[in-house]
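Heads up, target.cif below (mmCIF, C-alpha atoms):
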data_query
loop_
_atom_site.label_atom_id
_atom_site.label_comp_id
_atom_site.auth_asym_id
_atom_site.auth_seq_id
_atom_site.Cartn_x
_atom_site.Cartn_y
_atom_site.Cartn_z
CA MET Q 1035 96.24 116.24 105.01
CA ASP Q 1036 98.05 118.30 102.36
CA ASP Q 1037 95.05 120.60 102.18
CA LYS Q 1038 95.36 121.34 105.86
CA LEU Q 1039 99.07 122.06 105.60
CA THR Q 1040 98.83 124.28 102.53
CA ALA Q 1041 95.94 126.19 104.05
CA ILE Q 1042 98.43 127.93 106.31
CA SER Q 1043 100.32 129.59 103.50
CA SER Q 1044 97.30 130.13 101.33
CA SER Q 1045 96.98 133.75 100.37
CA ASN Q 1046 93.22 133.57 100.09
CA GLY Q 1047 92.79 133.75 103.81
CA ILE Q 1048 90.01 136.28 103.69
CA GLY Q 1049 87.07 134.60 105.30
CA GLY Q 1050 83.48 135.39 104.85
CA GLY Q 1051 80.32 133.94 103.52
CA GLU Q 1052 78.33 131.12 104.90
CA GLY Q 1053 80.02 127.75 104.88
CA SER Q 1054 83.51 129.14 104.26
CA PRO Q 1055 86.14 127.80 106.64
CA LYS Q 1056 87.05 130.16 109.47
CA THR Q 1057 90.54 131.56 109.01
CA PRO Q 1058 92.63 131.18 112.17
CA THR Q 1059 93.03 134.56 113.85
CA THR Q 1060 95.42 133.56 116.60
CA SER Q 1061 98.47 131.37 116.68
CA ARG Q 1062 96.65 129.04 119.04
CA GLU Q 1063 93.91 128.49 116.48
CA LEU Q 1064 96.44 128.05 113.69
CA PHE Q 1065 98.43 125.43 115.59
CA ALA Q 1066 95.25 123.62 116.67
CA LYS Q 1067 94.13 123.49 113.06
CA VAL Q 1068 97.28 121.75 111.76
CA PHE Q 1069 98.13 119.71 114.85
CA PRO Q 1070 95.96 116.70 113.87
CA ALA Q 1071 97.83 116.38 110.59
CA TYR Q 1072 101.13 116.12 112.45
CA LEU Q 1073 99.64 113.73 115.00
CA ALA Q 1074 98.74 111.50 112.07
CA MET Q 1075 102.38 111.62 111.01
CA GLY Q 1076 103.40 110.30 114.41
CA MET Q 1077 104.43 113.53 116.07
CA THR Q 1078 103.69 113.84 119.77
CA TYR Q 1079 102.12 116.81 121.55
CA ASP Q 1080 105.44 117.62 123.23
CA GLU Q 1081 107.36 117.52 119.96
CA PHE Q 1082 104.89 119.78 118.21
CA TYR Q 1083 104.30 122.35 120.95
CA ASN Q 1084 107.47 122.30 123.03
CA GLN Q 1085 110.39 120.97 121.02
CA ASP Q 1086 112.41 122.35 118.11
CA HIS Q 1087 109.92 124.01 115.78
CA GLU Q 1088 111.81 122.69 112.72
CA LEU Q 1089 110.84 119.12 113.61
CA VAL Q 1090 107.70 119.60 111.52
CA ILE Q 1091 109.85 119.90 108.39
CA ALA Q 1092 111.51 116.56 109.14
CA TYR Q 1093 108.15 114.94 109.88
CA ARG Q 1094 106.70 116.19 106.59
CA LYS Q 1095 109.66 114.84 104.67
CA ALA Q 1096 109.50 111.52 106.53
CA SER Q 1097 105.77 111.25 105.81
CA GLU Q 1098 106.41 111.81 102.12
CA MET Q 1099 109.16 109.18 102.08
CA LYS Q 1100 106.85 106.73 103.87
CA ARG Q 1101 104.14 107.26 101.28
CA GLU Q 1102 106.60 106.70 98.45
CA LYS Q 1103 107.81 103.48 100.06
CA GLU Q 1104 104.26 102.24 100.59
CA ASN Q 1105 103.49 103.02 96.97
CA ALA Q 1106 106.55 101.07 95.85
CA ASP Q 1107 105.60 98.14 98.09
CA MET Q 1108 102.09 98.05 96.61
CA TRP Q 1109 103.52 98.18 93.10
CA LEU Q 1110 105.84 95.28 93.90
CA GLN Q 1111 103.00 93.24 95.35
CA GLY Q 1112 101.02 93.88 92.17
CA LEU Q 1113 103.98 92.58 90.20
CA TYR Q 1114 104.04 89.36 92.21
CA VAL Q 1115 100.30 88.89 91.67
CA TYR Q 1116 100.78 89.54 87.96
CA GLN Q 1117 103.60 86.97 87.83
CA ALA Q 1118 101.50 84.39 89.67
CA VAL Q 1119 98.48 84.85 87.41
CA ALA Q 1120 100.64 84.78 84.27
CA ARG Q 1121 102.18 81.49 85.35
CA VAL Q 1122 98.86 79.74 85.93
CA ALA Q 1123 97.22 81.36 82.89
CA PRO Q 1124 97.64 78.19 80.73
CA LEU Q 1125 95.26 76.40 83.09
CA LEU Q 1126 92.63 79.01 82.45
CA ILE Q 1127 92.48 78.47 78.72
CA PRO Q 1128 89.31 76.50 77.98
CA PHE Q 1129 89.61 73.29 75.99
CA ALA Q 1130 93.41 73.47 76.05
CA LYS Q 1131 95.07 70.08 75.66
CA HIS Q 1132 97.47 69.18 78.46
CA PRO Q 1133 97.59 72.60 80.08
CA LYS Q 1134 100.57 73.10 82.33
CA ALA Q 1135 101.18 75.91 84.77
CA GLU Q 1136 104.64 77.30 85.25
CA PRO Q 1137 106.00 77.05 88.76
CA TYR Q 1138 105.89 80.12 91.00
CA LEU Q 1139 109.04 82.24 91.20
CA ASP Q 1140 111.72 80.28 93.05
CA LYS Q 1141 113.25 83.43 94.55
CA PRO Q 1142 112.21 87.03 95.22
CA ILE Q 1143 112.45 89.59 92.46
CA PRO Q 1144 115.75 91.50 92.89
CA LEU Q 1145 114.99 95.05 93.98
CA THR Q 1146 118.20 96.80 92.94
CA LYS Q 1147 120.10 96.99 89.65
CA GLU Q 1148 123.21 95.54 91.31
CA LYS Q 1149 121.31 92.50 92.63
CA ALA Q 1150 119.66 91.95 89.25
CA GLU Q 1151 123.04 92.04 87.49
CA LYS Q 1152 124.55 89.72 90.09
CA GLU Q 1153 121.71 87.21 89.66
CA SER Q 1154 121.96 87.39 85.91
CA LYS Q 1155 125.72 86.77 86.07
CA GLN Q 1156 125.21 83.91 88.53
CA ALA Q 1157 122.61 82.37 86.21
CA VAL Q 1158 125.07 82.45 83.31
CA GLU Q 1159 127.77 80.86 85.48
CA ASP Q 1160 125.39 78.18 86.72
CA LYS Q 1161 124.38 77.43 83.15
CA GLY Q 1162 128.06 77.12 82.13
CA ILE Q 1163 128.84 74.82 85.04
CA ALA Q 1164 125.83 72.62 84.25
CA TYR Q 1165 126.92 72.41 80.63
CA MET Q 1166 130.48 71.40 81.60
CA LYS Q 1167 129.18 68.76 84.02
CA ALA Q 1168 126.94 67.30 81.35
CA LYS Q 1169 129.86 67.22 78.94
CA MET Q 1170 132.07 65.46 81.51
CA ILE Q 1171 129.43 62.80 82.10
CA GLU Q 1172 129.07 62.28 78.38
CA ILE Q 1173 132.81 61.90 77.85
CA ASN Q 1174 133.24 59.60 80.84
CA LYS Q 1175 130.42 57.43 79.56
CA LYS Q 1176 132.00 57.32 76.13
CA PHE Q 1177 135.29 56.04 77.50
CA GLY Q 1178 133.69 53.79 80.09
CA LEU Q 1179 135.03 55.81 83.02
CA LYS Q 1180 133.32 56.31 86.34
CA GLU Q 1181 131.05 59.39 86.62
CA MET R 1326 117.91 123.52 115.35
CA GLY R 1327 115.39 126.25 116.09
CA LYS R 1328 116.28 129.92 115.85
CA THR R 1329 117.56 131.37 119.11
CA ILE R 1330 119.04 134.56 120.53
CA ASN R 1331 121.93 133.92 122.87
CA PHE R 1332 123.80 136.26 125.16
CA THR R 1333 125.70 136.24 128.44
CA ILE R 1334 125.24 138.69 131.27
CA ASP R 1335 127.21 138.54 134.51
CA GLY R 1336 128.60 135.16 133.56
CA LYS R 1337 125.21 133.58 132.99
CA ALA R 1338 124.15 132.41 129.52
CA TYR R 1339 120.65 133.09 128.32
CA THR R 1340 118.88 131.47 125.37
CA LEU R 1341 115.80 133.14 123.96
CA GLU R 1342 113.60 130.94 121.82
CA PHE R 1343 109.95 130.50 120.97
CA THR R 1344 108.17 127.18 120.90
CA ARG R 1345 104.59 126.91 119.75
CA ASN R 1346 103.40 126.83 123.32
CA THR R 1347 105.37 129.94 124.24
CA VAL R 1348 104.06 131.69 121.13
CA ILE R 1349 100.55 131.01 122.45
CA ALA R 1350 101.57 132.13 125.94
CA THR R 1351 103.10 135.34 124.59
CA GLU R 1352 99.88 136.14 122.77
CA ARG R 1353 98.00 135.53 125.99
CA MET R 1354 100.36 138.00 127.68
CA GLY R 1355 99.10 140.61 125.26
CA PHE R 1356 101.41 140.40 122.27
CA TYR R 1357 99.61 141.15 119.02
CA TYR R 1358 101.64 141.05 115.82
CA ASP R 1359 99.65 143.70 114.03
CA ALA R 1360 100.21 146.12 116.91
CA VAL R 1361 103.99 146.11 116.53
CA ALA R 1362 103.85 149.09 114.15
CA THR R 1363 101.47 151.13 116.28
CA ARG R 1364 102.65 150.17 119.78
CA PRO R 1365 106.24 149.04 119.33
CA VAL R 1366 107.37 149.63 122.91
CA ASP R 1367 104.55 147.64 124.50
CA MET R 1368 104.88 144.83 122.00
CA LEU R 1369 108.66 144.73 122.35
CA THR R 1370 108.37 144.42 126.11
CA THR R 1371 105.85 141.59 125.87
CA LEU R 1372 107.85 139.85 123.16
CA TRP R 1373 111.03 140.14 125.22
CA ARG R 1374 109.34 138.58 128.24
CA GLY R 1375 107.77 135.84 126.13
CA ALA R 1376 111.13 134.88 124.65
CA PHE R 1377 112.31 133.74 128.09
CA LEU R 1378 109.47 131.31 128.66
CA ALA R 1379 110.99 128.41 126.72
CA HIS R 1380 114.29 128.16 128.62
CA HIS R 1381 114.07 130.55 131.58
CA SER R 1382 110.50 130.30 132.78
CA THR R 1383 111.46 130.68 136.45
CA LEU R 1384 112.87 134.19 136.06
CA THR R 1385 110.74 137.03 137.38
CA THR R 1386 109.36 139.75 135.14
CA GLU R 1387 111.42 142.37 136.95
CA PHE R 1388 114.62 140.41 136.41
CA ILE R 1389 113.84 139.90 132.73
CA ASP R 1390 113.11 143.59 132.28
CA GLY R 1391 116.39 144.33 134.04
CA LEU R 1392 118.25 142.19 131.52
CA PHE R 1393 116.76 144.24 128.72
CA GLU R 1394 118.37 147.33 130.17
CA LYS R 1395 121.79 145.73 129.88
CA ILE R 1396 121.77 144.46 126.31
CA ASP R 1397 122.42 146.19 123.02
CA THR R 1398 118.86 146.80 121.82
CA HIS R 1399 119.82 147.74 118.28
CA GLY R 1400 117.93 145.36 116.02
CA ILE R 1401 116.51 143.38 118.93
CA LEU R 1402 112.90 143.85 117.88
CA ASP R 1403 113.54 142.41 114.42
CA ALA R 1404 115.47 139.52 115.92
CA LEU R 1405 112.70 138.77 118.40
CA LEU R 1406 110.09 138.92 115.66
CA GLU R 1407 112.15 136.51 113.59
CA ILE R 1408 112.37 133.90 116.34
CA TYR R 1409 108.71 134.51 117.23
CA ASN R 1410 107.62 133.83 113.64
CA ALA R 1411 109.82 130.78 113.19
CA PRO R 1412 107.41 128.23 114.78
CA ILE R 1413 104.63 129.63 112.58
CA THR R 1414 106.47 129.84 109.27
CA SER R 1415 108.01 126.38 109.72
CA LEU R 1416 104.51 124.97 109.22
CA SER R 1417 104.45 126.24 105.68
CA GLU R 1418 108.06 125.89 104.54
CA ASP R 1419 109.34 123.23 102.17
CA ASP R 1420 112.23 120.97 103.09
CA GLU R 1421 114.78 123.60 102.12
CA GLY R 1422 113.22 126.15 104.39
CA ASN R 1423 111.67 128.12 101.55
CA PRO R 1424 108.10 129.38 101.92
CA LYS R 1425 105.62 127.46 99.84
CA ASN R 1426 103.09 128.96 97.46
CA VAL R 1427 104.79 132.31 97.14
CA VAL R 1428 104.48 134.49 94.07
CA LYS R 1429 107.54 136.46 93.12
CA TRP R 1430 106.97 140.16 92.54
CA THR R 1431 109.02 143.03 91.15
CA ILE R 1432 108.98 146.80 91.44
CA ASN R 1433 109.17 148.86 88.28
#
Encoded form using structure tokens:
Amino acid sequence: MDDKLTAISSSNGIGGGEGSPKTPTTSRELFAKVFPAYLAMGMTYDEFYNQDHELVIAYRKASEMKREKENADMWLQGLYVYQAVARVAPLLIPFAKHPKAEPYLDKPIPLTKEKAEKESKQAVEDKGIAYMKAKMIEINKKFGLKE
Amino acid sequence: MGKTINFTIDGKAYTLEFTRNTVIATERMGFYYDAVATRPVDMLTTLWRGAFLAHHSTLTTEFIDGLFEKIDTHGILDALLEIYNAPITSLSEDDEGNPKNVVKWTIN
């Protein structure tokens, strides 16, 4: 797709020789050559041929953003697979005594720095609260008080 | 927003613009970019008429030619060429509107 788009501004537009791609000689040919690439991006015939000609710039940018998002999604999925395999890896060790797999992640991986920091802070708070509760139970038990 | 030429004559507003379809139509009417230098008058006339197709397709050729007589024609050819080229150059511009794959050159 990028090859088709960059072909327009390519300076080596001199055609010739067998097998070399025919250089568009009219605007009609030029537009017909690149139109499929924009169709693939989701542009309609009306938008490409009749609407604001600068729409193609927005569509190109949107297509690039979509590809980056898809790439990030695939990376994230790979991370989940990696996490899953790592957690069951103890079961795959041959002749291991009492192998035990770790449980799967109990919540999604935080995607932003702010969420990660919030979860980390929450985890520390939860740990503190659990510690205090355990201490209270211990003290109550020591003095024979109700839990 | 696409590039346009706007003017008002006798209280009526006119917007001249080229879409890709009207670029094709203007070429079918006989406009040929390379002929602008050798036949500027013919090409200017065709370009002027083609510029009306996007927003004023119902106007007659005679009426459109009459409008040309009333406007300030200084710089009109360059302006028409700019809006004519816009649908073509937008296919090879980056997001900032700068042409891609251009080599800078200098004169010594």
Counting all atoms listed in the file, chain Q residues within 6 Å of chain R, as an MDAnalysis selection string: chainID Q and resid 1043 1062 1083:1084 1086:1087 1091
Please measure the separation of CA of Tyr1138 in chain Q and CA of Val1115 in chain Q, giving the value in Å to one decimal.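 CA of Val1115 in chain Q lies 10.4 Å from CA of Tyr1138 in chain Q.
Once the PyMOL selection byres ((chain R and resi 1382-1390) around 12) is applied to the shown structure, the selection contains Ile1334, Tyr1339, Thr1340, Leu1341, Glu1342, Phe1343, Thr1347, Ala1350, Met1354, Leu1369, Thr1370, Thr1371, Leu1372, Trp1373, Arg1374, Gly1375, Ala1376, Phe1377, Leu1378, Ala1379, His1380, His1381, Gly1391, Leu1392, Phe1393, Glu1394, Lys1395 and Ile1396 of chain R.
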Could you work out how far CA of Asp1367 in chain R lies from CA of Thr1398 in chain R, giving the answer in Å with one decimal?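 CA of Asp1367 in chain R lies 14.6 Å from CA of Thr1398 in chain R.
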What is the distance, in Å and to one decimal place, between CA of Tyr1093 in chain Q and CA of Phe1065 in chain Q?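 One can read the CA of Tyr1093 in chain Q to CA of Phe1065 in chain Q distance as 15.4 Å.
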All file atoms of range 1075-1087 of chain Q boxed axis-aligned, 5 Å per side, centre plus edges, as lines of an AutoDock Vina configuration file:
center_x = 107.3
center_y = 117.2
center_z = 117.1
size_x = 20.3
size_y = 23.7
size_z = 22.2
Nearest candidate to Leu1110 in chain Q (options Q:Leu1145, Q:Ile1171, Q:Ala1096, Q:Ala1130; using only C-alpha atoms):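 Ranking Q:Leu1145, Q:Ile1171, Q:Ala1096, Q:Ala1130 by distance to Leu1110 in chain Q, first place goes to Q:Leu1145.
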Can you rebuild range 1127-1148 of chain Q with N, CA, C and O atoms and give it as a PDB file, in the frame of the given file?
ATOM      1  N   ILE Q1127      92.919  78.488  80.119  1.00  0.00           N
ATOM      2  CA  ILE Q1127      92.480  78.470  78.720  1.00  0.00           C
ATOM      3  C   ILE Q1127      91.513  77.298  78.546  1.00  0.00           C
ATOM      4  O   ILE Q1127      91.873  76.147  78.798  1.00  0.00           O
ATOM      5  N   PRO Q1128      90.288  77.600  78.100  1.00  0.00           N
ATOM      6  CA  PRO Q1128      89.310  76.500  77.980  1.00  0.00           C
ATOM      7  C   PRO Q1128      89.682  75.571  76.813  1.00  0.00           C
ATOM      8  O   PRO Q1128      90.228  76.003  75.802  1.00  0.00           O
ATOM      9  N   PHE Q1129      89.406  74.334  77.003  1.00  0.00           N
ATOM     10  CA  PHE Q1129      89.610  73.290  75.990  1.00  0.00           C
ATOM     11  C   PHE Q1129      91.071  73.148  75.579  1.00  0.00           C
ATOM     12  O   PHE Q1129      91.361  72.618  74.508  1.00  0.00           O
ATOM     13  N   ALA Q1130      91.985  73.633  76.383  1.00  0.00           N
ATOM     14  CA  ALA Q1130      93.410  73.470  76.050  1.00  0.00           C
ATOM     15  C   ALA Q1130      93.814  72.026  76.345  1.00  0.00           C
ATOM     16  O   ALA Q1130      93.414  71.446  77.335  1.00  0.00           O
ATOM     17  N   LYS Q1131      94.621  71.458  75.461  1.00  0.00           N
ATOM     18  CA  LYS Q1131      95.070  70.080  75.660  1.00  0.00           C
ATOM     19  C   LYS Q1131      96.322  70.104  76.516  1.00  0.00           C
ATOM     20  O   LYS Q1131      97.267  70.800  76.221  1.00  0.00           O
ATOM     21  N   HIS Q1132      96.332  69.311  77.550  1.00  0.00           N
ATOM     22  CA  HIS Q1132      97.470  69.180  78.460  1.00  0.00           C
ATOM     23  C   HIS Q1132      97.975  70.531  78.966  1.00  0.00           C
ATOM     24  O   HIS Q1132      99.117  70.892  78.758  1.00  0.00           O
ATOM     25  N   PRO Q1133      97.111  71.311  79.572  1.00  0.00           N
ATOM     26  CA  PRO Q1133      97.590  72.600  80.080  1.00  0.00           C
ATOM     27  C   PRO Q1133      98.568  72.388  81.242  1.00  0.00           C
ATOM     28  O   PRO Q1133      98.408  71.477  82.042  1.00  0.00           O
ATOM     29  N   LYS Q1134      99.564  73.229  81.290  1.00  0.00           N
ATOM     30  CA  LYS Q1134     100.570  73.100  82.330  1.00  0.00           C
ATOM     31  C   LYS Q1134     100.937  74.479  82.854  1.00  0.00           C
ATOM     32  O   LYS Q1134     101.278  75.370  82.083  1.00  0.00           O
ATOM     33  N   ALA Q1135     100.820  74.620  84.164  1.00  0.00           N
ATOM     34  CA  ALA Q1135     101.180  75.910  84.770  1.00  0.00           C
ATOM     35  C   ALA Q1135     102.672  75.956  85.028  1.00  0.00           C
ATOM     36  O   ALA Q1135     103.286  74.943  85.347  1.00  0.00           O
ATOM     37  N   GLU Q1136     103.218  77.136  84.881  1.00  0.00           N
ATOM     38  CA  GLU Q1136     104.640  77.300  85.250  1.00  0.00           C
ATOM     39  C   GLU Q1136     104.748  77.413  86.766  1.00  0.00           C
ATOM     40  O   GLU Q1136     103.830  77.919  87.415  1.00  0.00           O
ATOM     41  N   PRO Q1137     105.867  76.938  87.302  1.00  0.00           N
ATOM     42  CA  PRO Q1137     106.000  77.050  88.760  1.00  0.00           C
ATOM     43  C   PRO Q1137     106.125  78.511  89.195  1.00  0.00           C
ATOM     44  O   PRO Q1137     106.524  79.371  88.416  1.00  0.00           O
ATOM     45  N   TYR Q1138     105.756  78.767  90.430  1.00  0.00           N
ATOM     46  CA  TYR Q1138     105.890  80.120  91.000  1.00  0.00           C
ATOM     47  C   TYR Q1138     107.374  80.471  91.073  1.00  0.00           C
ATOM     48  O   TYR Q1138     108.232  79.587  91.090  1.00  0.00           O
ATOM     49  N   LEU Q1139     107.657  81.770  91.111  1.00  0.00           N
ATOM     50  CA  LEU Q1139     109.040  82.240  91.200  1.00  0.00           C
ATOM     51  C   LEU Q1139     109.770  81.498  92.320  1.00  0.00           C
ATOM     52  O   LEU Q1139     109.249  81.374  93.423  1.00  0.00           O
ATOM     53  N   ASP Q1140     111.000  81.037  92.022  1.00  0.00           N
ATOM     54  CA  ASP Q1140     111.720  80.280  93.050  1.00  0.00           C
ATOM     55  C   ASP Q1140     112.520  81.194  93.975  1.00  0.00           C
ATOM     56  O   ASP Q1140     113.103  80.750  94.953  1.00  0.00           O
ATOM     57  N   LYS Q1141     112.592  82.494  93.646  1.00  0.00           N
ATOM     58  CA  LYS Q1141     113.250  83.430  94.550  1.00  0.00           C
ATOM     59  C   LYS Q1141     112.623  84.813  94.360  1.00  0.00           C
ATOM     60  O   LYS Q1141     111.985  85.074  93.344  1.00  0.00           O
ATOM     61  N   PRO Q1142     112.804  85.689  95.341  1.00  0.00           N
ATOM     62  CA  PRO Q1142     112.210  87.030  95.220  1.00  0.00           C
ATOM     63  C   PRO Q1142     112.786  87.802  94.043  1.00  0.00           C
ATOM     64  O   PRO Q1142     113.908  87.559  93.626  1.00  0.00           O
ATOM     65  N   ILE Q1143     111.990  88.724  93.554  1.00  0.00           N
ATOM     66  CA  ILE Q1143     112.450  89.590  92.460  1.00  0.00           C
ATOM     67  C   ILE Q1143     113.527  90.525  93.021  1.00  0.00           C
ATOM     68  O   ILE Q1143     113.329  91.153  94.062  1.00  0.00           O
ATOM     69  N   PRO Q1144     114.710  90.593  92.369  1.00  0.00           N
ATOM     70  CA  PRO Q1144     115.750  91.500  92.890  1.00  0.00           C
ATOM     71  C   PRO Q1144     115.287  92.952  92.812  1.00  0.00           C
ATOM     72  O   PRO Q1144     114.727  93.380  91.801  1.00  0.00           O
ATOM     73  N   LEU Q1145     115.531  93.689  93.889  1.00  0.00           N
ATOM     74  CA  LEU Q1145     114.990  95.050  93.980  1.00  0.00           C
ATOM     75  C   LEU Q1145     115.964  96.124  93.494  1.00  0.00           C
ATOM     76  O   LEU Q1145     115.567  97.255  93.263  1.00  0.00           O
ATOM     77  N   THR Q1146     117.230  95.786  93.385  1.00  0.00           N
ATOM     78  CA  THR Q1146     118.200  96.800  92.940  1.00  0.00           C
ATOM     79  C   THR Q1146     118.874  96.322  91.656  1.00  0.00           C
ATOM     80  O   THR Q1146     118.903  95.126  91.350  1.00  0.00           O
ATOM     81  N   LYS Q1147     119.428  97.296  90.921  1.00  0.00           N
ATOM     82  CA  LYS Q1147     120.100  96.990  89.650  1.00  0.00           C
ATOM     83  C   LYS Q1147     121.288  96.064  89.915  1.00  0.00           C
ATOM     84  O   LYS Q1147     121.529  95.122  89.159  1.00  0.00           O
ATOM     85  N   GLU Q1148     122.006  96.331  91.011  1.00  0.00           N
ATOM     86  CA  GLU Q1148     123.210  95.540  91.310  1.00  0.00           C
ATOM     87  C   GLU Q1148     122.826  94.089  91.568  1.00  0.00           C
ATOM     88  O   GLU Q1148     123.478  93.170  91.068  1.00  0.00           O
TER      89      GLU Q1148
END
